[in-house]
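Asker: Let me begin by handing over the structure; questions about it come next.
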Amino acid sequence: MSAFQTETVLSVRHWTDSLFSFTATRDPGFRFQSGQFAMIGLEVDGRPLMRAYSMASANHEEELEFFSIKVPNGPLTSRLQQIKEGDQILVGRKATGTLIAGNLIPGKRLLLLSTGTGLAPFASLIKDPEIYDNYESIVLVHGCRQIPELAYGEQLVERLRDHEFLGDLIRDKLHYYPTVTREPFRNRGRVTDLIASGQLFGDLGQSGLDRETDRVMLCGNPAMLAELPAMLSERGFREGNHSEPGHFVVEKAFVER
């Protein structure tokens with residue numbers, strides 16, 4: 001258990017029957033870069049039951065925040081979704097992950113492409129002032145099946161637009177594009193299809209994909225993580241990692257659970 005620190009749950013919010021978020025205390029010694037993940041979980045029968053979760057909180061925030069799917073029979077999430085204020089969770093002492101600014105070569109527009117709870121690392125990134133210093137424009141795309149599943153992201157962006165310190169940056173540089181696949185909505189379609197067809201850029205009034213100026217981060221369902229890297233590679237984009245920065249990065253350490 002020495003690899004984990006014990007934190008206290010501060011708040012829990014259930015957004016839909018399948019999605020919830022929660023905040024917890026943060027050990028002053030726990031350091032991470034916005035966009036990274038850590039192992040979190042619960043002690044079950046005297047042993048840690050852990051899964052990878054991206055921090056939805058920025059690296060400068062005093063509390064930790066996580067955004068999770070509910071899996072009825074999931075070994076961890078079936079238990080984690082029952083937590084309440086005052087409960088304790090385990091958090092790994094080391095953060096890691098590929099969705100950090102240093103893994104991308106400099107560019108002008110940053111595309112944050114997510115589905116479902118893959119939004120979490122980007123919730124962290126868009127709260128980080130440094131990301132706005134690095135890019136002229138940031139596009140946050142969040143794909144879900146149904147409209148209620150967008151609520152976490154919609155309220156996050158709305159709060160940030162009114163933020164005392166970040167508000168001006170958010171209003172000037174952040175472009176939020178929610179989309180659903182299973183019911184009528186102002187934006188409808190799979191993230192992959194909206195990128196490939198160029199509809200996303202047309203809806204935003206922006207130019208299409210350009211390898212010279214665009215940088216891309218991907219986090220979400222397995223289908224998107226298979227299709228979009230292939231499409232980007234075909235267009236000359238090179239995948240980046242800790243050893244060599246590139247035009248796009250993918251978080252491959254976990255899928256939605």
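Identifiers in this document derive from the order of the structure tokens: chains are assigned A, B, ..., residues are numbered from 1 separately in each chain, and ligands are numbered from 1 in order of occurrence.
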Report as JSON lines: every residue of region 141-246 of chain A with an atom at most 12 Å from region 30-47 of chain A, its closest pair of atoms, and their distance in Å to one decimal, counting only C-alpha atoms, with rows sorted by chain and ascending residue number.

Answerer:
{"residue": "A:Met217", "atom": "CA", "partner": "A:Gly35", "partner_atom": "CA", "distance": 9.8}
{"residue": "A:Leu218", "atom": "CA", "partner": "A:Gly35", "partner_atom": "CA", "distance": 11.0}
{"residue": "A:Cys219", "atom": "CA", "partner": "A:Gly35", "partner_atom": "CA", "distance": 10.2}

Asker: For N, CA, C and O atoms, I'd like the residues from the last selection saved as a short mmCIF file (atom, residue, chain, number, x, y, z; two decimals), in the first residue's frame.

Answerer:
data_model
loop_
_atom_site.label_atom_id
_atom_site.label_comp_id
_atom_site.auth_asym_id
_atom_site.auth_seq_id
_atom_site.Cartn_x
_atom_site.Cartn_y
_atom_site.Cartn_z
N MET A 217 -4.70 16.02 -29.83
CA MET A 217 -4.68 15.07 -28.73
C MET A 217 -5.96 14.24 -28.79
O MET A 217 -7.04 14.79 -29.04
N LEU A 218 -5.83 12.93 -28.55
CA LEU A 218 -6.95 12.02 -28.66
C LEU A 218 -7.14 11.21 -27.39
O LEU A 218 -6.19 10.66 -26.84
N CYS A 219 -8.40 11.12 -26.92
CA CYS A 219 -8.72 10.27 -25.78
C CYS A 219 -10.19 9.87 -25.86
O CYS A 219 -11.06 10.75 -25.99
#

Asker: Which of region 54-191 of chain A end up as alpha helix (DSSP H) when DSSP is run on this backbone - answer as a ChimeraX atom specification?

Answerer: /A:77-80,120-125,129-134,151-161,167-173,191

Asker: Need to verify the contact set: Ile105 (chain A), 8 Å, only C-alpha atoms, exclusion of same-chain residues closer than 2 positions in sequence. Can you return it as a list in words?

Answerer: Gly102, Asn103, Gly107, Arg215, Pro245, Gly246 and His247 of chain A

Asker: Please write the residues from the selection above to a file, keeping all heavy atoms, as a PDB file, in the first residue's frame.

Answerer:
ATOM      1  N   GLY A 102       4.291  18.907 -23.851  1.00  0.00           N
ATOM      2  CA  GLY A 102       5.666  18.648 -24.267  1.00  0.00           C
ATOM      3  C   GLY A 102       5.828  17.544 -25.283  1.00  0.00           C
ATOM      4  O   GLY A 102       6.900  17.423 -25.900  1.00  0.00           O
ATOM      5  N   ASN A 103       4.793  16.739 -25.490  1.00  0.00           N
ATOM      6  CA  ASN A 103       4.872  15.663 -26.478  1.00  0.00           C
ATOM      7  C   ASN A 103       4.439  16.107 -27.872  1.00  0.00           C
ATOM      8  O   ASN A 103       4.387  15.296 -28.799  1.00  0.00           O
ATOM      9  CB  ASN A 103       4.020  14.471 -26.037  1.00  0.00           C
ATOM     10  CG  ASN A 103       4.636  13.722 -24.865  1.00  0.00           C
ATOM     11  OD1 ASN A 103       5.815  13.881 -24.577  1.00  0.00           O
ATOM     12  ND2 ASN A 103       3.834  12.899 -24.203  1.00  0.00           N
ATOM     13  N   GLY A 107       2.767  24.483 -32.486  1.00  0.00           N
ATOM     14  CA  GLY A 107       1.765  24.694 -33.518  1.00  0.00           C
ATOM     15  C   GLY A 107       0.921  25.912 -33.195  1.00  0.00           C
ATOM     16  O   GLY A 107       1.189  26.625 -32.232  1.00  0.00           O
ATOM     17  N   ARG A 215      -2.139  20.696 -34.108  1.00  0.00           N
ATOM     18  CA  ARG A 215      -1.667  19.650 -33.212  1.00  0.00           C
ATOM     19  C   ARG A 215      -2.898  19.003 -32.583  1.00  0.00           C
ATOM     20  O   ARG A 215      -3.881  19.686 -32.297  1.00  0.00           O
ATOM     21  CB  ARG A 215      -0.730  20.220 -32.141  1.00  0.00           C
ATOM     22  CG  ARG A 215       0.470  20.960 -32.743  1.00  0.00           C
ATOM     23  CD  ARG A 215       1.378  20.040 -33.550  1.00  0.00           C
ATOM     24  NE  ARG A 215       2.404  20.802 -34.278  1.00  0.00           N
ATOM     25  CZ  ARG A 215       2.373  21.059 -35.581  1.00  0.00           C
ATOM     26  NH1 ARG A 215       1.354  20.624 -36.320  1.00  0.00           N
ATOM     27  NH2 ARG A 215       3.335  21.745 -36.155  1.00  0.00           N
ATOM     28  N   PRO A 245       8.646  14.470 -29.740  1.00  0.00           N
ATOM     29  CA  PRO A 245       7.375  15.160 -29.963  1.00  0.00           C
ATOM     30  C   PRO A 245       6.895  15.002 -31.406  1.00  0.00           C
ATOM     31  O   PRO A 245       7.698  14.833 -32.328  1.00  0.00           O
ATOM     32  CB  PRO A 245       7.720  16.629 -29.656  1.00  0.00           C
ATOM     33  CG  PRO A 245       8.932  16.568 -28.792  1.00  0.00           C
ATOM     34  CD  PRO A 245       9.708  15.371 -29.276  1.00  0.00           C
ATOM     35  N   GLY A 246       5.588  15.047 -31.589  1.00  0.00           N
ATOM     36  CA  GLY A 246       5.018  14.894 -32.920  1.00  0.00           C
ATOM     37  C   GLY A 246       3.844  15.830 -33.147  1.00  0.00           C
ATOM     38  O   GLY A 246       3.622  16.783 -32.392  1.00  0.00           O
ATOM     39  N   HIS A 247       3.062  15.529 -34.200  1.00  0.00           N
ATOM     40  CA  HIS A 247       1.904  16.351 -34.547  1.00  0.00           C
ATOM     41  C   HIS A 247       0.665  15.955 -33.749  1.00  0.00           C
ATOM     42  O   HIS A 247      -0.263  16.753 -33.627  1.00  0.00           O
ATOM     43  CB  HIS A 247       1.588  16.216 -36.044  1.00  0.00           C
ATOM     44  CG  HIS A 247       2.708  16.619 -36.953  1.00  0.00           C
ATOM     45  ND1 HIS A 247       3.612  15.705 -37.458  1.00  0.00           N
ATOM     46  CD2 HIS A 247       3.076  17.837 -37.435  1.00  0.00           C
ATOM     47  CE1 HIS A 247       4.482  16.338 -38.229  1.00  0.00           C
ATOM     48  NE2 HIS A 247       4.191  17.624 -38.230  1.00  0.00           N
TER      49      HIS A 247
END

Asker: From the options A:Tyr176, A:Phe122, A:Phe201, A:Phe248, which residue's atoms come nearest to Gly220 (chain A), counting only C-alpha atoms?

Answerer: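 Of the candidates, the smallest distance to Gly220 (chain A) is held by A:Phe122.
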
Asker: Of the candidates A:Ile138, A:Leu225, A:Val9, A:Leu150, which one gets nearest to Glu251 (chain A) if we count only C-alpha atoms?

Answerer: A:Leu225

Asker: So that I can see what lies close to Arg93 (chain A), please list as a ChimeraX atom specification the residues with an atom at most 7 Å from it, counting only C-alpha atoms and leaving out residues fewer than 5 positions away in the same chain.

Answerer: /A:3-5,30

Asker: Now that the selection is made, can you save its residues with N, CA, C and O atoms as a PDB file, in the first residue's frame?

Answerer:
ATOM      1  N   ALA A   3       2.653   2.389  -2.201  1.00  0.00           N
ATOM      2  CA  ALA A   3       2.645   3.044  -3.508  1.00  0.00           C
ATOM      3  C   ALA A   3       1.455   3.991  -3.661  1.00  0.00           C
ATOM      4  O   ALA A   3       1.362   4.704  -4.656  1.00  0.00           O
ATOM      5  N   PHE A   4       0.556   3.997  -2.677  1.00  0.00           N
ATOM      6  CA  PHE A   4      -0.662   4.798  -2.771  1.00  0.00           C
ATOM      7  C   PHE A   4      -0.804   5.708  -1.566  1.00  0.00           C
ATOM      8  O   PHE A   4      -0.310   5.419  -0.478  1.00  0.00           O
ATOM      9  N   GLN A   5      -1.474   6.834  -1.795  1.00  0.00           N
ATOM     10  CA  GLN A   5      -1.825   7.715  -0.693  1.00  0.00           C
ATOM     11  C   GLN A   5      -3.340   7.689  -0.516  1.00  0.00           C
ATOM     12  O   GLN A   5      -4.083   7.482  -1.472  1.00  0.00           O
ATOM     13  N   PHE A  30       1.827  15.449  -4.140  1.00  0.00           N
ATOM     14  CA  PHE A  30       1.426  14.794  -5.395  1.00  0.00           C
ATOM     15  C   PHE A  30       1.516  15.793  -6.539  1.00  0.00           C
ATOM     16  O   PHE A  30       0.789  16.775  -6.590  1.00  0.00           O
TER      17      PHE A  30
END

Asker: Write out as a list in words which residues come within 9 Å of Gln88 (chain A) when counting only C-alpha atoms, dropping same-chain ones fewer than 3 positions away.

Answerer: Thr6, Glu7, Thr8, Val9, Ala24, Leu42, Glu43, Ile83, Lys84 and Glu85 of chain A

Asker: With only C-alpha atoms as the counted atoms, please give the residues lying no more than 12 Å from Glu227 (chain A), apart from itself and same-chain residues fewer than 6 positions off, as a PyMOL selection string.

Answerer: chain A and resi 190-193+195-196+218+220-221+233-234+250

Asker: Can you tell me which residues surround Leu174 (chain A) at a distance of at most 12 Å, considering only C-alpha atoms, apart from same-chain residues fewer than 4 positions away, and format the answer as a list in words?

Answerer: Arg109, Leu110, Leu111, Leu112, Phe122, Ala123, Leu125, Ile126, Lys127, Pro129, Ile131, Tyr132, Tyr135, Glu136, Ser137, Ile138, Val139, Leu140, Val141, Val157, Glu158, Leu160, Arg161, Leu166, Gly167, Asp168, Leu169, Ile170 and Leu204 of chain A

Asker: Per DSSP on the backbone, filter region 49-232 of chain A down to the residues in strand (DSSP E or B) and report them as an MDAnalysis selection string.

Answerer: chainID A and resid 49:54 63:69 88:92 96 104 109:115 137:144 174:180 188 214:219

Asker: Considering only C-alpha atoms, can you say which of A:Glu244, A:Asp210, A:Asp27, A:Asp203 comes closest to Lys94 (chain A)?

Answerer: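 Closest to Lys94 (chain A), using only C-alpha atoms: A:Asp27.
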
Asker: Quick one, how far is CA of Ala226 (chain A) from CA of Pro106 (chain A)?

Answerer: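 That distance, rounded to one decimal, is 24.4 Å.
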